[in-house]
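Structure data (TSV, C-alpha atoms) from coords-v5.tsv:
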```tsv
chain	number	residue	atom	x	y	z
A	16	MET	CA	0.00	0.00	0.00
A	17	ILE	CA	2.81	2.41	0.86
A	18	LYS	CA	4.60	3.25	-2.38
A	19	ILE	CA	7.72	4.90	-0.91
A	20	GLN	CA	10.45	2.26	-0.67
A	21	ASP	CA	12.75	4.09	1.76
A	22	ASN	CA	11.92	3.09	5.36
A	23	VAL	CA	13.62	6.14	6.91
A	24	SER	CA	11.52	8.49	4.78
A	25	VAL	CA	8.36	6.54	5.62
A	26	THR	CA	9.15	6.89	9.34
A	27	ILE	CA	9.82	10.64	9.08
A	28	ILE	CA	6.70	11.27	6.97
A	29	SER	CA	4.63	9.27	9.48
A	30	LEU	CA	5.99	11.43	12.32
A	31	LEU	CA	5.24	14.60	10.34
A	32	LEU	CA	1.72	13.29	9.77
A	33	LEU	CA	1.39	12.75	13.52
A	34	ILE	CA	2.64	16.26	14.36
A	35	SER	CA	0.22	17.81	11.83
A	36	THR	CA	-2.68	15.81	13.26
A	37	PHE	CA	-1.70	16.70	16.83
A	38	TYR	CA	-1.55	20.44	16.11
A	39	GLY	CA	-4.64	20.22	13.88
A	40	PHE	CA	-6.83	18.77	16.62
A	41	MET	CA	-5.30	21.08	19.21
A	42	PHE	CA	-6.40	24.14	17.23
A	43	VAL	CA	-9.68	22.81	15.81
A	44	LEU	CA	-11.27	21.44	19.00
A	45	ASP	CA	-12.31	24.22	21.38
A	46	PRO	CA	-11.34	22.59	24.72
A	47	PHE	CA	-7.77	21.97	23.51
A	48	ALA	CA	-7.54	25.44	21.92
A	49	ASN	CA	-8.73	27.01	25.19
A	50	SER	CA	-6.20	25.13	27.29
A	51	PHE	CA	-3.44	25.99	24.76
A	52	LEU	CA	-4.29	29.69	25.12
A	53	GLU	CA	-4.43	29.41	28.92
A	54	ARG	CA	-1.01	27.76	29.04
A	55	SER	CA	0.50	30.43	26.81
A	56	GLY	CA	-1.04	33.13	29.03
A	57	GLN	CA	-3.35	34.61	26.38
A	58	GLU	CA	-6.98	35.64	26.52
A	59	ALA	CA	-9.38	33.09	24.95
A	60	SER	CA	-11.87	35.16	22.92
A	61	ALA	CA	-14.37	33.80	20.38
A	62	THR	CA	-12.40	35.45	17.55
A	63	THR	CA	-9.12	33.90	18.66
A	64	ILE	CA	-10.69	30.43	18.93
A	65	ASN	CA	-12.25	30.87	15.48
A	66	MET	CA	-8.93	31.95	13.93
A	67	MET	CA	-7.15	29.05	15.63
A	68	GLY	CA	-9.76	26.73	14.13
A	69	ASN	CA	-8.87	28.04	10.65
A	70	VAL	CA	-5.19	27.31	11.26
A	71	GLY	CA	-6.10	23.89	12.68
A	72	TRP	CA	-7.90	22.90	9.49
A	73	ILE	CA	-4.78	23.81	7.49
A	74	TYR	CA	-2.77	21.51	9.76
A	75	LEU	CA	-5.32	18.70	9.31
A	76	ALA	CA	-5.22	19.19	5.52
A	77	MET	CA	-1.41	18.98	5.72
A	78	GLY	CA	-1.80	15.70	7.65
A	79	LEU	CA	-3.97	14.36	4.84
A	80	GLY	CA	-1.33	15.56	2.38
A	81	TYR	CA	1.35	13.54	4.19
A	82	MET	CA	-0.96	10.52	4.12
A	83	MET	CA	-1.28	10.94	0.35
A	84	VAL	CA	2.51	11.21	0.07
A	85	LEU	CA	2.82	7.84	1.82
A	86	ILE	CA	0.51	6.03	-0.57
A	87	ALA	CA	1.66	7.66	-3.83
A	88	PRO	CA	4.90	7.12	-5.78
A	89	ALA	CA	7.62	9.57	-4.65
A	90	GLU	CA	7.78	11.43	-7.98
A	91	GLN	CA	4.11	12.41	-7.64
A	92	SER	CA	4.76	14.04	-4.26
A	93	THR	CA	7.72	16.21	-5.27
A	94	VAL	CA	5.85	19.53	-5.41
A	95	PHE	CA	4.08	18.91	-2.11
A	96	ILE	CA	7.32	18.14	-0.25
A	97	ARG	CA	9.08	21.07	-1.95
A	98	PHE	CA	6.26	23.35	-0.82
A	99	MET	CA	6.49	21.94	2.71
A	100	VAL	CA	10.28	22.50	2.85
A	101	LEU	CA	9.82	26.11	1.77
A	102	GLY	CA	6.76	26.71	3.98
A	103	SER	CA	8.33	25.21	7.11
A	104	PHE	CA	11.52	27.20	6.45
A	105	ILE	CA	9.54	30.47	6.34
A	106	SER	CA	7.70	29.41	9.53
A	107	LEU	CA	11.00	28.66	11.23
A	108	ILE	CA	12.45	32.07	10.34
A	109	ARG	CA	9.32	33.73	11.73
A	110	MET	CA	9.52	31.62	14.90
A	111	ILE	CA	13.19	32.51	15.44
A	112	ASP	CA	12.30	36.17	15.05
A	113	LEU	CA	9.40	35.86	17.55
A	114	TYR	CA	11.50	33.99	20.11
A	115	ALA	CA	14.45	36.34	19.71
A	116	ASN	CA	12.22	39.25	20.73
A	117	ALA	CA	10.23	37.37	23.39
A	118	GLU	CA	10.30	38.61	26.98
A	119	GLY	CA	9.60	36.83	30.25
A	120	GLU	CA	9.00	33.07	30.60
A	121	VAL	CA	9.15	31.36	27.19
A	122	ILE	CA	7.92	27.86	26.17
A	123	TYR	CA	10.26	26.54	23.48
A	124	GLY	CA	7.98	23.68	22.28
A	125	PRO	CA	6.58	25.38	19.14
A	126	LEU	CA	10.06	26.60	18.07
A	127	ILE	CA	11.57	23.13	18.44
A	128	ALA	CA	8.58	21.52	16.69
A	129	THR	CA	8.86	23.95	13.74
A	130	ALA	CA	12.61	23.32	13.46
A	131	LEU	CA	12.06	19.56	13.51
A	132	VAL	CA	9.34	19.81	10.86
A	133	PHE	CA	11.67	21.79	8.59
A	134	ILE	CA	14.57	19.38	9.13
A	135	GLY	CA	12.29	16.38	8.59
A	136	ASN	CA	10.86	17.74	5.35
A	137	ALA	CA	14.28	18.77	4.03
A	138	TYR	CA	15.77	15.37	4.91
A	139	VAL	CA	12.96	13.47	3.17
A	140	TYR	CA	13.28	15.83	0.18
A	141	ASN	CA	16.96	14.95	-0.08
A	142	ARG	CA	16.61	11.24	0.60
A	143	LEU	CA	13.93	10.75	-2.03
A	144	LYS	CA	16.11	12.60	-4.57
A	145	MET	CA	13.51	15.27	-5.24
A	146	LYS	CA	16.01	18.12	-5.35
A	147	VAL	CA	16.36	19.77	-8.75
A	148	GLY	CA	18.84	22.56	-7.95
A	149	VAL	CA	21.43	23.36	-5.29
A	150	PHE	CA	18.89	24.39	-2.61
A	151	LEU	CA	15.45	23.35	-3.82
B	1	MET	CA	-15.07	2.53	-8.13
B	2	PHE	CA	-15.24	-0.26	-5.50
B	3	ASN	CA	-13.80	-2.46	-8.28
B	4	THR	CA	-17.28	-3.28	-9.55
B	5	GLN	CA	-19.65	-2.24	-12.33
B	6	ASP	CA	-22.72	-2.81	-10.14
B	7	ASN	CA	-24.36	0.60	-9.62
B	8	VAL	CA	-26.42	-0.63	-6.66
B	9	ILE	CA	-23.20	-1.41	-4.80
B	10	ARG	CA	-21.66	1.92	-5.79
B	11	ILE	CA	-24.69	3.97	-4.73
B	12	GLY	CA	-25.14	1.94	-1.55
B	13	MET	CA	-21.54	2.41	-0.45
B	14	PHE	CA	-21.72	6.10	-1.37
B	15	LEU	CA	-24.79	6.54	0.85
B	16	ILE	CA	-23.14	4.75	3.77
B	17	GLY	CA	-20.05	6.92	3.26
B	18	LEU	CA	-22.25	10.03	3.28
B	19	MET	CA	-23.88	9.02	6.57
B	20	LEU	CA	-20.51	8.25	8.15
B	21	LEU	CA	-19.10	11.57	6.94
B	22	MET	CA	-22.08	13.51	8.28
B	23	TYR	CA	-22.08	11.89	11.72
B	24	GLY	CA	-18.27	11.68	11.96
B	25	ALA	CA	-17.81	15.36	11.11
B	26	MET	CA	-20.68	16.48	13.35
B	27	MET	CA	-19.61	14.44	16.38
B	28	THR	CA	-15.93	15.32	16.07
B	29	PHE	CA	-15.99	18.94	14.96
B	30	ASN	CA	-19.43	20.43	15.66
B	31	LEU	CA	-20.67	19.32	19.05
B	32	GLU	CA	-22.84	22.41	19.48
B	33	PHE	CA	-24.96	21.39	16.51
B	34	PHE	CA	-25.10	17.80	17.79
B	35	PHE	CA	-26.35	18.90	21.21
B	36	SER	CA	-28.88	21.24	19.61
B	37	ARG	CA	-30.30	18.31	17.62
B	38	TYR	CA	-30.44	16.02	20.67
B	39	PRO	CA	-31.71	18.21	23.53
B	40	THR	CA	-32.12	15.26	25.92
B	41	ILE	CA	-28.34	14.71	25.87
B	42	ASN	CA	-26.65	16.91	28.46
B	43	ALA	CA	-24.03	19.22	26.90
B	44	ASP	CA	-21.45	18.43	29.59
B	45	GLN	CA	-17.75	17.61	29.36
B	46	THR	CA	-18.29	13.87	29.95
B	47	ASN	CA	-20.70	13.49	27.04
B	48	SER	CA	-18.53	15.75	24.83
B	49	PHE	CA	-15.52	13.51	25.52
B	50	PHE	CA	-17.31	10.33	24.45
B	51	ILE	CA	-19.19	11.89	21.51
B	52	THR	CA	-15.87	13.17	20.08
B	53	TRP	CA	-14.42	9.69	20.57
B	54	THR	CA	-17.42	8.15	18.73
B	55	GLY	CA	-16.92	10.71	15.96
B	56	ILE	CA	-13.29	9.67	15.52
B	57	ASN	CA	-14.37	6.03	15.34
B	58	THR	CA	-16.91	6.99	12.67
B	59	LEU	CA	-14.25	8.81	10.62
B	60	ALA	CA	-12.13	5.63	10.76
B	61	PHE	CA	-15.06	3.64	9.34
B	62	LEU	CA	-15.31	6.27	6.59
B	63	ALA	CA	-11.61	5.69	5.83
B	64	GLY	CA	-12.57	2.04	5.19
B	65	ILE	CA	-15.13	3.15	2.57
B	66	TYR	CA	-12.49	5.32	0.84
B	67	TYR	CA	-10.02	2.43	0.93
B	68	MET	CA	-12.52	0.08	-0.72
B	69	GLY	CA	-13.44	2.77	-3.24
B	70	TYR	CA	-9.90	2.49	-4.61
B	71	LYS	CA	-9.06	-1.14	-3.89
B	72	GLY	CA	-12.41	-2.93	-4.16
B	73	LEU	CA	-14.84	-4.45	-1.67
B	74	GLN	CA	-13.54	-6.74	1.07
B	75	GLN	CA	-15.62	-9.16	3.10
B	76	GLY	CA	-13.90	-8.17	6.36
B	77	PHE	CA	-15.55	-4.74	6.23
B	78	PHE	CA	-19.01	-6.33	6.39
B	79	VAL	CA	-17.91	-8.76	9.12
B	80	PHE	CA	-16.97	-5.72	11.21
B	81	MET	CA	-19.67	-3.21	10.28
B	82	ILE	CA	-22.78	-5.39	10.52
B	83	PRO	CA	-22.31	-6.38	14.21
B	84	LEU	CA	-21.25	-2.80	14.93
B	85	ILE	CA	-24.42	-1.30	13.47
B	86	VAL	CA	-26.62	-3.93	15.16
B	87	GLY	CA	-24.91	-2.96	18.44
B	88	ASN	CA	-25.45	0.73	17.67
B	89	ILE	CA	-29.17	0.23	17.04
B	90	ILE	CA	-29.55	-1.57	20.40
B	91	TRP	CA	-27.46	1.13	22.07
B	92	ILE	CA	-29.54	4.00	20.58
B	93	TYR	CA	-32.79	2.23	21.55
B	94	MET	CA	-31.54	1.89	25.14
B	95	ALA	CA	-30.46	5.55	25.19
B	96	MET	CA	-33.79	6.81	23.85
B	97	SER	CA	-35.75	4.64	26.28
B	98	ALA	CA	-33.77	6.06	29.19
B	99	SER	CA	-33.77	9.73	28.16
B	100	GLY	CA	-37.15	9.97	26.42
B	101	GLY	CA	-35.57	11.59	23.35
B	102	ASP	CA	-37.70	11.90	20.22
B	103	ASN	CA	-35.07	12.49	17.54
B	104	TYR	CA	-35.10	9.24	15.56
B	105	THR	CA	-32.68	10.41	12.83
B	106	GLY	CA	-29.72	8.46	14.23
B	107	MET	CA	-31.78	5.30	14.72
B	108	VAL	CA	-33.33	5.50	11.22
B	109	SER	CA	-29.97	6.18	9.54
B	110	GLN	CA	-28.43	3.18	11.33
B	111	ILE	CA	-31.28	0.93	10.19
B	112	ILE	CA	-30.94	2.21	6.60
B	113	ALA	CA	-27.16	1.64	6.77
B	114	LEU	CA	-27.73	-1.91	7.99
B	115	ILE	CA	-30.17	-2.66	5.15
B	116	ILE	CA	-27.75	-1.17	2.60
B	117	LEU	CA	-24.88	-3.25	4.00
B	118	PHE	CA	-26.94	-6.45	3.68
B	119	VAL	CA	-27.95	-5.57	0.11
B	120	VAL	CA	-24.38	-4.69	-0.93
B	121	ARG	CA	-23.02	-7.82	0.73
B	122	GLN	CA	-25.60	-9.94	-1.09
B	123	ARG	CA	-24.88	-8.32	-4.48
B	124	ALA	CA	-21.14	-8.65	-3.95
B	125	GLY	CA	-21.73	-12.40	-3.86
B	126	TYR	CA	-20.18	-13.21	-0.49
B	127	LYS	CA	-21.35	-16.59	0.82
B	128	PHE	CA	-21.79	-17.38	4.49
B	129	SER	CA	-18.63	-19.43	4.42
B	130	TYR	CA	-15.26	-18.28	5.58
B	131	PRO	CA	-12.41	-20.16	3.87
B	132	LYS	CA	-9.48	-20.93	6.12
B	133	ALA	CA	-6.16	-19.28	5.27
B	134	ALA	CA	-2.99	-21.40	5.05
B	135	THR	CA	-1.70	-19.94	8.32
B	136	ALA	CA	-3.30	-18.13	11.24
B	137	TRP	CA	-3.91	-14.48	10.24
B	138	GLY	CA	-2.83	-15.50	6.70
B	139	THR	CA	0.73	-14.32	7.23
B	140	ASP	CA	4.11	-15.88	7.96
B	141	ASP	CA	5.21	-12.77	9.82
B	142	LYS	CA	5.40	-14.02	13.42
B	143	VAL	CA	5.69	-10.52	14.90
B	144	SER	CA	2.44	-9.38	13.28
B	145	ALA	CA	0.66	-12.61	14.17
B	146	ASN	CA	1.70	-12.37	17.82
B	147	LEU	CA	0.76	-8.69	17.99
B	148	LEU	CA	-2.67	-9.55	16.60
B	149	TYR	CA	-3.07	-12.20	19.32
B	150	LEU	CA	-2.04	-9.57	21.87
B	151	GLY	CA	-4.54	-7.09	20.37
B	152	THR	CA	-7.30	-9.71	20.68
B	153	LEU	CA	-6.34	-10.35	24.30
B	154	LEU	CA	-6.31	-6.61	25.10
B	155	THR	CA	-9.74	-6.15	23.48
B	156	VAL	CA	-11.16	-8.92	25.70
B	157	ILE	CA	-9.42	-7.45	28.77
B	158	GLY	CA	-10.94	-4.04	27.96
B	159	ILE	CA	-14.46	-5.51	27.87
B	160	VAL	CA	-13.90	-7.46	31.11
B	161	MET	CA	-12.48	-4.34	32.81
B	162	TYR	CA	-15.65	-2.43	31.92
B	163	PHE	CA	-17.88	-5.07	33.53
B	164	VAL	CA	-15.67	-5.31	36.63
B	165	ASP	CA	-16.09	-1.57	37.27
B	166	PRO	CA	-18.29	0.25	34.71
B	167	SER	CA	-17.68	3.71	36.14
B	168	ALA	CA	-13.88	3.37	36.54
B	169	VAL	CA	-13.03	5.37	33.39
B	170	LEU	CA	-15.43	8.16	34.28
B	171	ARG	CA	-14.18	8.30	37.87
B	172	ASP	CA	-10.47	8.18	37.06
B	173	THR	CA	-10.31	10.51	34.03
B	174	ALA	CA	-9.72	14.19	34.78
B	175	GLY	CA	-12.67	16.38	33.82
B	176	LEU	CA	-15.20	13.53	33.56
B	177	GLU	CA	-18.06	12.85	35.97
B	178	VAL	CA	-19.95	9.66	36.77
B	179	THR	CA	-23.33	10.26	35.12
B	180	ALA	CA	-25.96	7.88	33.73
B	181	GLN	CA	-25.51	9.24	30.19
B	182	GLY	CA	-21.72	9.10	30.48
B	183	GLN	CA	-21.93	5.45	31.56
B	184	HIS	CA	-24.15	4.67	28.59
B	185	TYR	CA	-21.58	6.22	26.24
B	186	ALA	CA	-18.87	4.20	27.98
B	187	LEU	CA	-20.92	1.05	27.30
B	188	GLY	CA	-20.90	1.84	23.57
B	189	ILE	CA	-17.21	2.70	23.46
B	190	PHE	CA	-15.83	-0.03	25.73
B	191	VAL	CA	-18.19	-2.93	25.04
B	192	LEU	CA	-20.23	-2.73	21.83
B	193	THR	CA	-17.48	-1.42	19.54
B	194	PRO	CA	-14.87	-3.88	20.92
B	195	ILE	CA	-17.35	-6.75	20.32
B	196	ALA	CA	-17.47	-5.76	16.63
B	197	ILE	CA	-13.66	-5.54	16.68
B	198	LEU	CA	-13.53	-9.09	18.09
B	199	PHE	CA	-15.69	-10.28	15.17
B	200	ALA	CA	-13.22	-8.64	12.77
B	201	LEU	CA	-10.21	-10.13	14.56
B	202	ALA	CA	-11.75	-13.62	14.63
B	203	TYR	CA	-12.50	-13.35	10.91
B	204	GLN	CA	-8.94	-12.26	10.14
B	205	TRP	CA	-7.49	-15.00	12.36
B	206	ARG	CA	-9.28	-17.59	10.23
B	207	CYS	CA	-9.28	-16.02	6.75
B	208	GLY	CA	-6.20	-13.78	6.82
B	209	VAL	CA	-5.68	-10.08	7.45
B	210	GLN	CA	-7.68	-7.63	5.36
B	211	GLY	CA	-6.23	-4.38	4.02
B	212	VAL	CA	-9.41	-2.44	4.74
B	213	LEU	CA	-9.48	-3.40	8.43
B	214	LEU	CA	-5.77	-2.77	8.98
B	215	SER	CA	-6.04	0.60	7.21
B	216	MET	CA	-9.03	1.60	9.34
B	217	GLY	CA	-7.04	0.60	12.42
B	218	ALA	CA	-4.01	2.63	11.31
B	219	PHE	CA	-6.14	5.69	10.52
B	220	TRP	CA	-7.89	5.47	13.90
B	221	SER	CA	-4.57	5.01	15.68
B	222	ALA	CA	-2.96	8.08	14.08
B	223	ILE	CA	-5.85	10.30	15.21
B	224	MET	CA	-6.08	8.61	18.61
B	225	ILE	CA	-2.39	9.18	19.38
B	226	ALA	CA	-2.85	12.89	18.57
B	227	MET	CA	-5.93	12.98	20.82
B	228	ILE	CA	-4.15	11.19	23.68
B	229	PHE	CA	-1.29	13.72	23.59
B	230	ASN	CA	-3.77	16.60	23.37
B	231	ASN	CA	-5.78	15.29	26.32
B	232	LEU	CA	-2.62	14.80	28.38
B	233	ALA	CA	-1.42	18.31	27.49
B	234	ALA	CA	-4.83	19.83	28.27
B	235	THR	CA	-5.13	18.15	31.69
B	236	ALA	CA	-5.16	20.92	34.26
B	237	PRO	CA	-1.90	21.36	36.20
B	238	GLY	CA	-1.92	19.40	39.47
B	239	THR	CA	-4.52	16.95	38.16
B	240	GLU	CA	-3.55	13.31	37.68
B	241	PRO	CA	-4.34	12.19	34.09
B	242	ASN	CA	-5.83	8.71	33.53
B	243	MET	CA	-2.56	7.00	32.61
B	244	LEU	CA	-4.17	3.54	32.57
B	245	LEU	CA	-6.59	4.56	29.81
B	246	ALA	CA	-3.89	6.52	27.93
B	247	GLY	CA	-1.45	3.59	28.19
B	248	PHE	CA	-4.09	1.04	27.18
B	249	LEU	CA	-5.04	3.06	24.11
B	250	MET	CA	-1.41	3.78	23.26
B	251	VAL	CA	-0.51	0.07	23.30
B	252	ASN	CA	-3.48	-0.64	21.03
B	253	CYS	CA	-2.38	2.13	18.66
B	254	ILE	CA	1.20	0.82	18.57
B	255	ILE	CA	-0.07	-2.71	17.81
B	256	ASN	CA	-2.33	-1.40	15.00
B	257	LEU	CA	0.42	0.71	13.44
B	258	THR	CA	3.12	-1.96	13.73
B	259	VAL	CA	0.93	-4.59	12.09
B	260	PHE	CA	-0.14	-2.12	9.39
B	261	PHE	CA	3.43	-1.09	8.50
B	262	ARG	CA	4.73	-4.67	8.58
B	263	LEU	CA	1.98	-6.06	6.34
B	264	GLN	CA	1.13	-3.05	4.13
B	265	ASP	CA	3.07	-4.38	1.14
B	266	LYS	CA	0.66	-7.35	0.95
B	267	PHE	CA	-2.34	-5.18	0.05
```
structure tokens encoding of this file:
Amino acid sequence: MIKIQDNVSVTIISLLLLISTFYGFMFVLDPFANSFLERSGQEASATTINMMGNVGWIYLAMGLGYMMVLIAPAEQSTVFIRFMVLGSFISLIRMIDLYANAEGEVIYGPLIATALVFIGNAYVYNRLKMKVGVFL
Amino acid sequence: MFNTQDNVIRIGMFLIGLMLLMYGAMMTFNLEFFFSRYPTINADQTNSFFITWTGINTLAFLAGIYYMGYKGLQQGFFVFMIPLIVGNIIWIYMAMSASGGDNYTGMVSQIIALIILFVVRQRAGYKFSYPKAATAWGTDDKVSANLLYLGTLLTVIGIVMYFVDPSAVLRDTAGLEVTAQGQHYALGIFVLTPIAILFALAYQWRCGVQGVLLSMGAFWSAIMIAMIFNNLAATAPGTEPNMLLAGFLMVNCIINLTVFFRLQDKF
């Protein structure tokens, strides 16, 4: 059923799928979104919860994307993984900027998760020989 | 689609998929609407917990329909779904008798789904005979076979644990309360669904593993692991999470995923 032959890539993609699903449900389901906001010391308003839900659905769609990558031949998933490498890189830069300017007590979980997602995507991109140029 | 030219089968499976999508999406993502449609169900945290869980189960059944849409019908799906829906109908009848609810939509849709499943099964030409595979579980992979035995054992243990102390999960899980409705949901989750799973496991033990059932298990496990972590993370500071339930589910998820990844090249 899984078309990708490289076991390391399959493991990393499965973990990425899990992370996307975890964050997706955290943002989409109100009780989890509320507790996430409480932990990060922010006010839980209806607008914030609604906006988090929008982000959560993007995460869940990404999870489905990773599932499709698993069951399709690698060459059909090139653009998706390339997009994910670029997208997670931009997210990581933004996270570094946010954390560099953060004050007070800081939870490093989201920064580490974003870095791991970027590294995971880039590693899979390399391992499955999807790279067409020097960087991407 | 469904590897058949029979339009009755195609339409029937589409309708079941539609019902599963509607209930799965509503119970997982739109509880407010669910509670508004069933006013006799209390909109408390205990019921929300179990309704979301039921929704995730329903989405996993939907994954089975999608799988068969691409790969073709498999008998194991019917072996699992028919006892499950029969159990659901009994469960809904008990719930409505206890609460006095008058929304029959769920009951009617379950009965329609059951009829459709019988019709599709009949048209697909499955006989009431279950040919024995060459080896138990139809595989030479000892690790998978032993894990499937372990999964069967854990499913039985889960059912027995419910009967030993039906309110244990409600009492020991942070945020849940021991209520009559909560206990009825627990009956569905911890007894009726596992009975259908036992039917599916017994069938696979005799006839060999089925791609559709393993895929449904893997899909459910991926979501369940995310939900376990989310529930653990959302448990209020200073509150003891229900590690027995989390551990029990986690072991089941690991078994499902290990068997799926080890045997996925066979289907």
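In this comparison, which uses all atoms listed in the file, the residue of A:Gly102, A:Gly39, A:Gly119, A:Gly80 approaching chain B most closely is A:Gly39.
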Around (4.6, 1.0, 0.8) in the file's own coordinates, what residues are found within 8 Å if you use only C-alpha atoms, given back as a PyMOL selection string? (chain A and resi 16-20+85-86) or (chain B and resi 264-265)
What are the closest atom pairs, with distances in Å to one decimal, for each residue of chain A lying within 7 Å of chain B, using only C-alpha atoms, rows by chain and rising residue number, as CSV?
```
residue,atom,partner,partner_atom,distance
A:Met16,CA,B:Gln264,CA,5.3
A:Ile17,CA,B:Gln264,CA,6.6
A:Leu33,CA,B:Ala222,CA,6.4
A:Thr36,CA,B:Ala226,CA,6.1
A:Phe37,CA,B:Ala226,CA,4.3
A:Met41,CA,B:Asn230,CA,6.3
A:Leu44,CA,B:Phe29,CA,6.7
A:Phe47,CA,B:Ala234,CA,6.0
A:Ser50,CA,B:Ala234,CA,5.6
```
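Nearest to Leu31 (chain A) of all the residues A:Leu143, A:Leu75, A:Phe104, A:Ala59 is A:Leu75, counting all atoms listed in the file.
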Give as a PyMOL selection string the set of residues within 12 Å of the point (-14.1, -10.6, 16.5), where distances use the file's coordinates and only C-alpha atoms. chain B and resi 76-77+79-84+148-149+151-153+155-156+192-206+213
Restrict the selected residues to C-alpha atoms and save them as a PDB file, keeping the file's coordinate frame.
```pdb
ATOM      1  CA  GLY B  76     -13.900  -8.170   6.360  1.00  0.00           C
ATOM      2  CA  PHE B  77     -15.550  -4.740   6.230  1.00  0.00           C
ATOM      3  CA  VAL B  79     -17.910  -8.760   9.120  1.00  0.00           C
ATOM      4  CA  PHE B  80     -16.970  -5.720  11.210  1.00  0.00           C
ATOM      5  CA  MET B  81     -19.670  -3.210  10.280  1.00  0.00           C
ATOM      6  CA  ILE B  82     -22.780  -5.390  10.520  1.00  0.00           C
ATOM      7  CA  PRO B  83     -22.310  -6.380  14.210  1.00  0.00           C
ATOM      8  CA  LEU B  84     -21.250  -2.800  14.930  1.00  0.00           C
ATOM      9  CA  LEU B 148      -2.670  -9.550  16.600  1.00  0.00           C
ATOM     10  CA  TYR B 149      -3.070 -12.200  19.320  1.00  0.00           C
ATOM     11  CA  GLY B 151      -4.540  -7.090  20.370  1.00  0.00           C
ATOM     12  CA  THR B 152      -7.300  -9.710  20.680  1.00  0.00           C
ATOM     13  CA  LEU B 153      -6.340 -10.350  24.300  1.00  0.00           C
ATOM     14  CA  THR B 155      -9.740  -6.150  23.480  1.00  0.00           C
ATOM     15  CA  VAL B 156     -11.160  -8.920  25.700  1.00  0.00           C
ATOM     16  CA  LEU B 192     -20.230  -2.730  21.830  1.00  0.00           C
ATOM     17  CA  THR B 193     -17.480  -1.420  19.540  1.00  0.00           C
ATOM     18  CA  PRO B 194     -14.870  -3.880  20.920  1.00  0.00           C
ATOM     19  CA  ILE B 195     -17.350  -6.750  20.320  1.00  0.00           C
ATOM     20  CA  ALA B 196     -17.470  -5.760  16.630  1.00  0.00           C
ATOM     21  CA  ILE B 197     -13.660  -5.540  16.680  1.00  0.00           C
ATOM     22  CA  LEU B 198     -13.530  -9.090  18.090  1.00  0.00           C
ATOM     23  CA  PHE B 199     -15.690 -10.280  15.170  1.00  0.00           C
ATOM     24  CA  ALA B 200     -13.220  -8.640  12.770  1.00  0.00           C
ATOM     25  CA  LEU B 201     -10.210 -10.130  14.560  1.00  0.00           C
ATOM     26  CA  ALA B 202     -11.750 -13.620  14.630  1.00  0.00           C
ATOM     27  CA  TYR B 203     -12.500 -13.350  10.910  1.00  0.00           C
ATOM     28  CA  GLN B 204      -8.940 -12.260  10.140  1.00  0.00           C
ATOM     29  CA  TRP B 205      -7.490 -15.000  12.360  1.00  0.00           C
ATOM     30  CA  ARG B 206      -9.280 -17.590  10.230  1.00  0.00           C
ATOM     31  CA  LEU B 213      -9.480  -3.400   8.430  1.00  0.00           C
TER      32      LEU B 213
END
```
Figure out the distance between CA of Gly125 (chain B) and CA of Asn7 (chain B), please, to one decimal in Å.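 Between CA of Asn7 (chain B) and CA of Gly125 (chain B) the gap works out to 14.5 Å.
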Would you write out, as a tab-separated table, a table of all residues in region 18-113 of chain A that have an atom no more than 10 Å from an atom of region 133-137 of chain A, listing for each the closest atom pair and the distance in Å to one decimal, considering all atoms listed in the file and ordering rows by chain and rising residue number?
```
residue	atom	partner	partner_atom	distance
A:Ser24	CA	A:Gly135	CA	8.8
A:Ile27	CA	A:Gly135	CA	6.3
A:Ile28	CA	A:Gly135	CA	7.7
A:Leu30	CA	A:Gly135	CA	8.8
A:Leu31	CA	A:Gly135	CA	7.5
A:Ile96	CA	A:Asn136	CA	6.6
A:Arg97	CA	A:Asn136	CA	8.2
A:Phe98	CA	A:Asn136	CA	9.5
A:Met99	CA	A:Asn136	CA	6.6
A:Val100	CA	A:Asn136	CA	5.4
A:Leu101	CA	A:Phe133	CA	8.3
A:Gly102	CA	A:Phe133	CA	8.3
A:Ser103	CA	A:Phe133	CA	5.0
A:Phe104	CA	A:Phe133	CA	5.8
A:Ile105	CA	A:Phe133	CA	9.2
A:Ser106	CA	A:Phe133	CA	8.6
A:Leu107	CA	A:Phe133	CA	7.4
```
Neighbours of Leu32 (chain A) within 8 Å (only C-alpha atoms; same-chain residues fewer than 4 positions away dropped), as a PDB file with C-alpha atoms, in the coordinates of the input?
```
ATOM      1  CA  ILE A  28       6.700  11.270   6.970  1.00  0.00           C
ATOM      2  CA  THR A  36      -2.680  15.810  13.260  1.00  0.00           C
ATOM      3  CA  MET A  77      -1.410  18.980   5.720  1.00  0.00           C
ATOM      4  CA  GLY A  78      -1.800  15.700   7.650  1.00  0.00           C
ATOM      5  CA  LEU A  79      -3.970  14.360   4.840  1.00  0.00           C
ATOM      6  CA  TYR A  81       1.350  13.540   4.190  1.00  0.00           C
ATOM      7  CA  MET A  82      -0.960  10.520   4.120  1.00  0.00           C
TER       8      MET A  82
END
```
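Note that CA of Val259 (chain B) and CA of Ile34 (chain A) are 21.0 Å apart.
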Would you work out the distance separating CA of Lys127 (chain B) from CA of Gly69 (chain B), expressed in Å to one decimal? 21.3 Å
I'd like the neighbourhood of Gly64 (chain B) as a PyMOL selection string, where a residue qualifies if any of its atoms comes within 12 Å (using all atoms listed in the file), though same-chain residues fewer than 6 positions away should be ignored. chain B and resi 2+13-14+16-17+20-21+57-58+70-78+80-81+210-220
Choose the residue, out of B:Ile9, B:Ala98, B:Leu150, B:Ile56, that has the smallest atom-to-atom separation from Asn256 (chain B); count only C-alpha atoms. B:Leu150
What's around Ser55 (chain A) at 12 Å? Count only C-alpha atoms, leave out sequence neighbours fewer than 6 positions away in its own chain, and write the answer as a PyMOL selection string. (chain A and resi 48-49+119-125) or (chain B and resi 234)
